[in-house]
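Containing TSV, C-alpha atoms: input.tsv.
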```tsv
chain	number	residue	atom	x	y	z
A	626	MET	CA	113.47	74.87	86.08
A	627	ALA	CA	115.32	73.04	83.31
A	628	TYR	CA	114.34	75.75	80.88
A	629	ASN	CA	115.47	78.39	83.28
A	630	ARG	CA	118.78	76.73	83.95
A	631	ASN	CA	119.56	76.30	80.25
A	632	HIS	CA	118.40	79.78	79.59
A	633	TYR	CA	120.72	81.07	82.27
A	634	ASN	CA	123.69	79.02	81.09
A	635	ASN	CA	123.20	80.13	77.52
A	636	ALA	CA	123.03	83.71	78.61
A	637	TYR	CA	126.13	83.26	80.72
A	638	ASN	CA	128.08	81.55	77.95
A	639	ASN	CA	127.03	84.15	75.44
A	640	ARG	CA	128.32	86.90	77.62
A	641	MET	CA	131.55	85.11	78.47
A	642	SER	CA	132.47	83.92	74.97
A	643	PHE	CA	132.98	87.39	73.46
A	644	GLN	CA	132.17	85.90	70.05
A	645	GLN	CA	128.93	87.70	69.41
A	646	PRO	CA	128.21	90.67	71.64
A	647	THR	CA	124.54	90.65	72.65
A	648	PRO	CA	122.69	93.89	71.92
A	649	VAL	CA	122.06	95.93	75.07
A	650	LYS	CA	118.28	95.87	74.74
A	651	GLU	CA	118.27	92.10	74.38
A	652	VAL	CA	120.44	91.67	77.47
A	653	MET	CA	118.16	94.02	79.35
A	654	GLU	CA	115.05	92.04	78.42
A	655	GLU	CA	116.72	88.75	79.13
A	656	ARG	CA	117.60	89.97	82.62
A	657	CYS	CA	113.99	90.93	83.19
A	658	ASP	CA	112.67	87.37	83.03
A	659	ASP	CA	111.54	85.36	86.03
A	660	ARG	CA	114.38	82.89	86.22
A	661	MET	CA	115.24	81.56	89.65
A	662	GLU	CA	118.49	79.67	89.90
A	663	PRO	CA	119.65	77.82	93.04
A	664	VAL	CA	122.75	79.63	94.23
A	665	ASP	CA	124.84	76.43	94.29
A	666	LYS	CA	124.36	76.07	90.52
A	667	MET	CA	125.86	79.44	89.76
A	668	PRO	CA	129.51	80.11	88.92
A	669	ILE	CA	131.50	80.84	92.07
A	670	ALA	CA	133.23	84.12	92.90
A	671	MET	CA	130.49	86.20	91.32
A	672	CYS	CA	128.00	88.47	93.03
A	673	TYR	CA	124.30	88.14	92.30
A	674	VAL	CA	121.56	90.63	92.95
A	675	PRO	CA	117.94	89.57	92.38
A	676	TRP	CA	116.27	91.61	89.66
A	677	GLN	CA	113.98	94.30	91.04
A	678	LYS	CA	110.51	94.75	89.63
A	679	TRP	CA	108.24	97.76	89.76
A	680	GLU	CA	105.70	97.30	92.50
A	681	SER	CA	102.98	99.17	94.30
A	682	ILE	CA	105.05	102.00	95.73
A	683	PHE	CA	104.73	104.16	98.87
A	684	ASP	CA	103.07	107.54	98.63
A	685	VAL	CA	105.60	110.39	98.38
A	686	GLU	CA	105.40	111.34	102.07
A	687	LYS	CA	106.07	107.83	103.29
A	688	GLY	CA	108.76	107.39	100.63
A	689	LEU	CA	110.83	110.29	101.94
A	690	ASP	CA	110.31	109.17	105.55
A	691	CYS	CA	111.41	105.62	104.76
A	692	GLY	CA	114.27	106.57	102.44
A	693	THR	CA	112.82	104.54	99.56
A	694	ILE	CA	109.61	104.49	97.55
A	695	PHE	CA	109.86	100.70	97.16
A	696	PRO	CA	108.33	98.61	99.97
A	697	CYS	CA	110.64	95.69	99.08
A	698	LEU	CA	113.69	97.87	99.76
A	699	TYR	CA	112.43	99.25	103.05
A	700	LYS	CA	114.64	97.51	105.62
A	701	PRO	CA	114.69	99.43	108.85
A	702	PHE	CA	117.62	98.24	110.95
A	703	LYS	CA	116.89	98.98	114.57
A	704	GLY	CA	120.16	97.68	116.01
A	705	VAL	CA	118.33	95.21	118.26
A	706	ARG	CA	117.29	91.61	117.89
A	707	HIS	CA	113.62	90.73	118.17
B	989	MET	CA	109.01	128.70	108.07
B	990	LYS	CA	106.11	129.87	110.18
B	991	ASN	CA	103.44	129.65	107.52
B	992	PRO	CA	102.04	126.09	107.61
B	993	GLU	CA	100.91	126.31	104.00
B	994	GLN	CA	104.41	127.26	102.91
B	995	ARG	CA	105.87	124.43	104.96
B	996	LYS	CA	103.38	122.00	103.45
B	997	LEU	CA	104.24	123.00	99.89
B	998	PHE	CA	107.97	122.91	100.62
B	999	ASN	CA	107.60	119.41	102.10
B	1000	LEU	CA	105.69	118.27	99.04
B	1001	ILE	CA	108.49	119.49	96.77
B	1002	ASN	CA	111.04	117.55	98.84
B	1003	GLN	CA	108.90	114.41	98.84
B	1004	VAL	CA	108.21	114.47	95.13
B	1005	SER	CA	111.85	115.25	94.34
B	1006	PHE	CA	112.91	112.22	96.38
B	1007	ALA	CA	110.35	110.00	94.66
B	1008	MET	CA	111.82	111.12	91.32
B	1009	ASP	CA	115.39	110.44	92.50
B	1010	ASP	CA	114.41	106.92	93.55
B	1011	THR	CA	112.51	106.29	90.31
B	1012	ARG	CA	115.51	107.55	88.36
B	1013	LEU	CA	117.72	104.93	90.01
B	1014	PHE	CA	115.21	102.25	89.03
B	1015	LEU	CA	115.05	103.55	85.46
B	1016	ASP	CA	118.85	103.51	85.16
B	1017	THR	CA	118.60	99.71	85.19
B	1018	HIS	CA	115.05	99.34	83.77
B	1019	PRO	CA	114.95	101.87	80.91
B	1020	HIS	CA	111.95	100.24	79.22
B	1021	ASP	CA	109.68	99.90	82.26
B	1022	GLY	CA	106.42	101.57	81.29
B	1023	GLU	CA	105.04	101.92	84.82
B	1024	ALA	CA	108.23	103.54	86.09
B	1025	LEU	CA	108.35	105.86	83.10
B	1026	SER	CA	104.79	107.00	83.54
B	1027	TYR	CA	105.26	107.50	87.30
B	1028	PHE	CA	108.36	109.61	86.64
B	1029	LYS	CA	106.49	111.69	84.12
B	1030	LYS	CA	103.59	112.21	86.52
B	1031	MET	CA	105.91	113.28	89.34
B	1032	GLN	CA	107.77	115.58	86.97
B	1033	GLU	CA	104.57	117.47	86.35
B	1034	VAL	CA	103.60	117.60	90.05
B	1035	ARG	CA	107.07	118.90	90.94
B	1036	LYS	CA	107.05	121.51	88.21
B	1037	GLN	CA	103.65	122.84	89.34
B	1038	ALA	CA	104.62	122.85	93.02
B	1039	ILE	CA	107.88	124.72	92.42
B	1040	CYS	CA	106.11	127.20	90.20
B	1041	GLU	CA	103.50	127.85	92.89
B	1042	TYR	CA	106.09	128.05	95.67
B	1043	THR	CA	108.27	130.50	93.76
B	1044	ARG	CA	105.31	132.68	92.91
B	1045	MET	CA	104.00	132.80	96.49
B	1046	TYR	CA	107.07	132.59	98.70
B	1047	GLY	CA	110.11	133.35	96.54
B	1048	PRO	CA	112.73	131.30	94.75
B	1049	ILE	CA	114.00	127.97	96.03
B	1050	VAL	CA	117.23	128.26	94.07
B	1051	ALA	CA	119.18	131.39	93.16
B	1052	TYR	CA	118.70	130.67	89.46
B	1053	ASP	CA	115.09	131.78	89.84
B	1054	VAL	CA	115.71	135.08	91.65
B	1055	ASP	CA	113.82	137.98	90.17
B	1056	ASN	CA	116.56	140.63	90.35
B	1057	SER	CA	115.07	143.46	88.37
B	1058	ASN	CA	115.53	146.00	91.22
B	1059	THR	CA	117.63	144.52	93.99
B	1060	TRP	CA	119.46	141.29	94.68
B	1061	THR	CA	117.04	139.66	97.08
B	1062	TRP	CA	118.57	136.22	97.43
B	1063	SER	CA	120.95	137.16	100.25
B	1064	SER	CA	118.59	139.45	102.14
B	1065	GLU	CA	115.73	137.01	102.64
B	1066	PRO	CA	115.77	133.73	104.56
B	1067	TRP	CA	116.96	130.90	102.37
B	1068	PRO	CA	114.52	128.05	101.86
B	1069	TRP	CA	116.54	125.71	104.06
B	1070	GLU	CA	117.09	128.35	106.73
B	1071	VAL	CA	113.61	128.31	108.06
B	1072	GLY	CA	113.92	126.57	111.39
B	1073	GLY	CA	111.88	123.75	112.77
B	1074	CYS	CA	113.17	121.32	110.18
```

Rewritten as structure tokens:
Amino acid sequence: MAYNRNHYNNAYNNRMSFQQPTPVKEVMEERCDDRMEPVDKMPIAMCYVPWQKWESIFDVEKGLDCGTIFPCLYKPFKGVRH
Amino acid sequence: MKNPEQRKLFNLINQVSFAMDDTRLFLDTHPHDGEALSYFKKMQEVRKQAICEYTRMYGPIVAYDVDNSNTWTWSSEPWPWEVGGC
């Protein structure tokens, strides 16, 4: 966790300082890591979206029926509480 | 679209096209993801084959592919989306 937090803070500071722009590929790879940060440790007034990973996807028929090929994004809202 | 085989092939094209659209969105933010890239490539091939077969057997899906050597057929035949029972 400590590693992850430092890693996150460094990444955040790097991006905010505007001193040395980070190459796009490096930013991309850095975003792909497994860091998990408690939300109360993050800067306020920002939006955060967990990083999606490729997973075992639906077959094409089910994908079109469900509106997504990714099981983790399949969120059928039925309009009722269960 | 009365012919069930035609319907089946048309459905496959729609399904594969959607899978490619969804993969494309993923690749926009994950341009180095090998699994996503290879899935996209695989679907690209499936889609290409299916459209080729559909066009050959049942006519063009888009007007760009109309074979107009004698007459303009696009407006005289049912359009792919105009087939009923959707």

Between atom CA of Ser1064 of chain B and atom CA of Ile1049 of chain B, measure the distance and give it in Å to one decimal. 13.8 Å

Top pick for closest residue to Met1008 of chain B, considering A:Tyr699, A:Asp684, A:Asp665, A:Met671 and counting only C-alpha atoms: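 Distance minimum relative to Met1008 of chain B lands on A:Asp684.
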
Closest-contact table, chain A side, partner chain B, 6 Å, counting only C-alpha atoms, as CSV:
```
residue,atom,partner,partner_atom,distance
A:Val685,CA,B:Gln1003,CA,5.2
A:Glu686,CA,B:Gln1003,CA,5.7
A:Leu689,CA,B:Gln1003,CA,5.5
```

How far is it from atom CA of Leu1025 of chain B to atom CA of Leu1013 of chain B, in Å with one decimal?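 Computing the Euclidean distance for atom CA of Leu1025 of chain B and atom CA of Leu1013 of chain B yields 11.7 Å.
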
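Interatomic distance, atom CA of Phe1028 of chain B to atom CA of Gln677 of chain A: 16.9 Å.
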
How big is the axis-aligned box, and where does its centre sit, when it encloses all atoms of segment 998-1009 of chain B listed in the file and has 4 Å added on every side, reported in Å to one decimal as AutoDock Vina command-line options?
```
--center_x 110.5 --center_y 116.5 --center_z 96.7 --size_x 17.7 --size_y 20.9 --size_z 18.8
```

Do you know which residues are at most 10 Å from Phe998 of chain B counting all atoms listed in the file, after dropping those on the same chain fewer than 4 positions away, and could you put them as a ChimeraX atom specification? /B:989,992-994,1002-1003,1038-1039,1042,1046,1049,1068-1069

Calculated over all atoms listed in the file, which of the candidates A:Gly688, A:Arg706, A:Pro675, A:Pro701 has the smallest distance to Pro663 of chain A? A:Pro675
